[in-house]
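> Sharing a structure with you now.
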Amino acid sequence: MQQPTSPAQFTEQKREAIESFLRFSQGEEFPRWPLEVFLEVSNICDLQCAMCPTFSALNADRFFALKREDRGVIAYDTATEPLEEVLKHALIIHASGYGEPTIHPQYKELLVHLSRYEALIDFFTNGMHLDDELCQFLVQGHVHRISISFSGVTAEEYENIYIGGDYERVLGGIRRLAKAKEQAGSLYPRIEINSLAFRHHIEQLPDFVKLMGEAGANVIHVKPLRLYGKKIAELKHHESHMHPDREAHIVQQAKVVADAHGVHLASAPYEATQLHAKNFTRAFDSMPDEERETLFRKILDERVPVSEMKSIAMSAPKREQKKEVLSQNREMRERKELDIREESFFVHKGVPCLEPFKTFYATFDGRARTCCFTDTKHWVGHLQESSAAEIWNNAGYQAIRQHAVKSEYLSSMCSACMKKSAYPKDHAFHSEYNAYAKWYEHVYGVPFLADLRERIKAVPAGAIIFQRHQQGSQS
């Protein structure tokens, strides 16, 4: 990947997008351009991780959740053309979807193409393909960040959860990337570890932080483990919630280790689960001793040992269960027209979601969605029919925004996410601008739109932004 030219070509387009978002924050208009673009590079994967609702080898419904005709990789040379104006204005391009992006046969060529748009490029990966060549390429191309999925301290723990993964191979890839950065004297790409709060993982969190810190990670995320009903029954009782009297001191120890290794431990999402833990503890402590002991034994009896996950997934009964589910679910996924009638929206009283005001998601085959969380059966436009800029301003997107500022969301697209509280609770505009400005100066050697910094700092939380729009509509 070639070094970027200086000065940058699309700075004014970035300014236009930022200033429009600033006007949006004042209640004056809806953003004219998305700040973030998701490109579903691939929605196929070479691992079958236990907790993944789409690809888990433990999930009998996995082939129905994403049927064969809905799978593929993006044809970047043609698929990105309708996105060009949007990409010029975007601050961030997420070059991955729900699959593994690095198995795309032309992934490096895609990254070269995307780098033309002078945006922060990042992607999620299972880390299985971080060889010397790719690591050197990512550093030389100033890719902003890669997030590597990894939980567990030992090979047994990792490989029984990340089914098909190779512990030493992924760990070696992290080390190679850190070494390539060091040799180039580069800050980028940022190496972030995406870990999940399995009970066994949290119990050894300080050791995990040490392992990742010594490998060269910059950030370690600890996120709640989400279960998906009965679809992956083997994960029951494996999720950890932070009890203030038990896990809190483990997290604190891990933070001390992180500081010693110059790593940021981003554990706030996991720490937020302490409310759930407190409620459970109160109920547990109020039980009679015999009832409490019975419940405790039941949990232990039902919990499948981590060491058995992989063998269970590969067992004959599991494979037969998959066949049975497939035979019951043969219907093809068809496009459903977006229903934007008034009665199609529901009121959400919690923290507002601003994704429709800042995010554009393009699937590998051209379907446009308002974010990465929306139901895959519904979309707001198709890139084979309209450009991304046209879709961003079409009737469906505008209706979704007009209702969102009133805390109303489209049932068909948003209800599942809202119920699970899985959506981002903050617009993250400040941190995204700061990250872009730091990267821009590192790459191009000049400050990025310093005249906007004070206005950006003054952007309030989403709830206040929505209040301003509601006041404006009433005046």
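Every chain in the structure tokens has a letter given in the order shown (A, B, ...), and although residue numbers restart at 1 in each chain, ligands are simply numbered from 1 in the order shown.
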Which parts of range 60-133 of chain A does DSSP call alpha helix (DSSP H) when run on the backbone here, written out as a ChimeraX atom specification?
/A:62-65,76-79,84-89,107-115,132-133
> If we count only C-alpha atoms and set the cut-off at 12 Å, which residues sit around Glu19 in chain A, ignoring sequence neighbours fewer than 5 positions away in its own chain? Please answer as a PDB file with C-alpha atoms, in the first residue's frame.

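Listed below is the output, part_32.pdb:
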```pdb
ATOM      1  CA  GLU A  12     -13.405  19.722   2.729  1.00  0.00           C
ATOM      2  CA  GLN A  13     -15.809  16.820   2.294  1.00  0.00           C
ATOM      3  CA  LYS A  14     -14.998  15.714   5.853  1.00  0.00           C
ATOM      4  CA  PHE A  24     -27.917  18.497  13.696  1.00  0.00           C
ATOM      5  CA  SER A  25     -26.718  18.695  17.299  1.00  0.00           C
ATOM      6  CA  GLN A  26     -28.275  22.174  17.496  1.00  0.00           C
ATOM      7  CA  GLU A  28     -31.295  22.647  12.858  1.00  0.00           C
ATOM      8  CA  GLU A  29     -31.189  19.766  10.326  1.00  0.00           C
ATOM      9  CA  PHE A  30     -30.617  16.064   9.868  1.00  0.00           C
ATOM     10  CA  PRO A  31     -27.022  15.120   8.948  1.00  0.00           C
ATOM     11  CA  ARG A  32     -26.379  15.319   5.226  1.00  0.00           C
ATOM     12  CA  TRP A  33     -23.764  12.564   5.286  1.00  0.00           C
ATOM     13  CA  PRO A  34     -23.002   9.523   7.445  1.00  0.00           C
ATOM     14  CA  LEU A  35     -19.875   9.767   9.580  1.00  0.00           C
ATOM     15  CA  HIS A  89     -17.349  12.369   3.465  1.00  0.00           C
ATOM     16  CA  PHE A 429     -18.866  11.998  18.036  1.00  0.00           C
ATOM     17  CA  TYR A 433     -13.322  13.251  15.838  1.00  0.00           C
ATOM     18  CA  LEU A 449      -9.873  21.182  11.154  1.00  0.00           C
ATOM     19  CA  ASP A 451     -11.097  25.521  14.034  1.00  0.00           C
ATOM     20  CA  LEU A 452     -13.991  23.110  14.762  1.00  0.00           C
ATOM     21  CA  ARG A 453     -12.660  21.628  17.986  1.00  0.00           C
ATOM     22  CA  ARG A 455     -17.802  23.444  18.659  1.00  0.00           C
ATOM     23  CA  ILE A 456     -17.297  19.687  18.643  1.00  0.00           C
ATOM     24  CA  VAL A 459     -21.988  18.714  21.253  1.00  0.00           C
TER      25      VAL A 459
END
```
> Using only C-alpha atoms, which of the listed residues (A:Thr125, A:Asn59, A:Ser42, A:Ser147) sits closest to Gln106 in chain A?
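Once distances to Gln106 in chain A are computed over only C-alpha atoms, the minimum belongs to A:Ser42.
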> With a distance cut-off of 8 Å and only C-alpha atoms, select the neighbouring residues of Gly381 in chain A, excluding the residue or stretch itself and same-chain residues fewer than 3 positions from it, and output the selection as a list in words.
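Residues meeting the cut-off are Arg367, Ala368, Arg369, Glu385, Ser386 and Ile391 of chain A.
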> Using only C-alpha atoms, which of the listed residues (A:Asp207, A:Glu390, A:Glu247, A:Glu432) sits closest to Ile93 in chain A?
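Result for the nearest residue to Ile93 in chain A: A:Glu432.
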> What is the distance, in Å and to one decimal place, between CA of Cys417 in chain A and CA of Phe373 in chain A?
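Those two atoms sit 6.5 Å apart.
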> Just the number, please: distance in Å from CA of Ile161 in chain A to CA of Phe124 in chain A, one decimal.
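We find that CA of Ile161 in chain A and CA of Phe124 in chain A lie 17.3 Å from each other.
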> Using only C-alpha atoms, which residues sit within 12 Å of Lys210 in chain A once same-chain residues fewer than 3 positions away are excluded, as number ranges by chain?
A: 152-153, 204-207, 213-220, 253-265
> Could you pull the residues within 12 Å of Leu187 in chain A, counting only C-alpha atoms, minus those fewer than 4 positions along the same chain, as a list in words?
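Skipping anything fewer than 4 positions along the chain leaves Leu138, Val139, Gln140, Gly141, His142, Val143, His144, Arg145, Leu177, Ala178, Lys179, Ala180, Lys181, Glu182, Gln183, Ile191, Gly216, Ala217, Asn218, Ala435, Lys438, Trp439, Tyr440, Glu441, His442 and Val443 of chain A.
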> Hey, can you spit out that residue selection with C-alpha atoms as a compact mmCIF listing (two decimals), in the first residue's frame?

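Below you can see part_23.txt, which holds the result:
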```txt
# COMPACT_ATOMS: atom_id res chain seq x y z
CA LEU A 138 -1.53 -3.02 7.56
CA VAL A 139 1.24 -0.92 9.11
CA GLN A 140 2.45 0.57 5.84
CA GLY A 141 -1.11 1.41 4.84
CA HIS A 142 -1.89 3.29 8.08
CA VAL A 143 -4.94 1.14 8.84
CA HIS A 144 -6.32 2.70 12.00
CA ARG A 145 -7.38 -0.26 14.11
CA LEU A 177 1.68 -7.01 14.11
CA ALA A 178 3.10 -5.36 17.22
CA LYS A 179 6.64 -6.03 15.96
CA ALA A 180 5.83 -4.58 12.52
CA LYS A 181 4.53 -1.41 14.20
CA GLU A 182 7.62 -1.14 16.37
CA GLN A 183 9.97 -1.56 13.42
CA ILE A 191 -4.34 -3.50 18.31
CA GLY A 216 1.55 -5.99 22.11
CA ALA A 217 -2.14 -5.14 22.52
CA ASN A 218 -3.10 -1.49 23.00
CA ALA A 435 -9.26 9.70 16.85
CA LYS A 438 -4.80 12.27 15.74
CA TRP A 439 -4.55 9.81 12.83
CA TYR A 440 -4.79 12.57 10.22
CA GLU A 441 -1.93 14.54 11.75
CA HIS A 442 0.16 11.36 12.06
CA VAL A 443 -0.37 10.51 8.38
```
> Residues within 10 Å of Leu39 in chain A, please, as a list in words. Count only C-alpha atoms; anything in the same chain fewer than 4 positions from it doesn't count.
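Neighbouring residues, sequence-local ones excluded: Ile74, Tyr76, Ala79, Thr80, Leu83, Ile93, His94, Ala95, Ser96, Gly97, Pro101, Phe123, Phe360, Tyr361, Ala362, Thr363, Phe364, Gly366, Ala368 and Cys372 of chain A.
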> Return the single residue from A:Ile146, A:Leu410, A:Leu47, A:Ile18 that is closest to His430 in chain A, with distances computed using only C-alpha atoms.
A:Ile18
> Do a neighbour search on His427 in chain A at 9 Å with only C-alpha atoms, toss out local chain neighbours closer than 6 positions, and write the hits as number ranges by chain.
A: 353-355, 358, 461-462
> Between CA of Val41 in chain A and CA of Val73 in chain A, measure the distance and give it in Å to one decimal.
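Spanning CA of Val41 in chain A to CA of Val73 in chain A is a straight-line distance of 5.6 Å.
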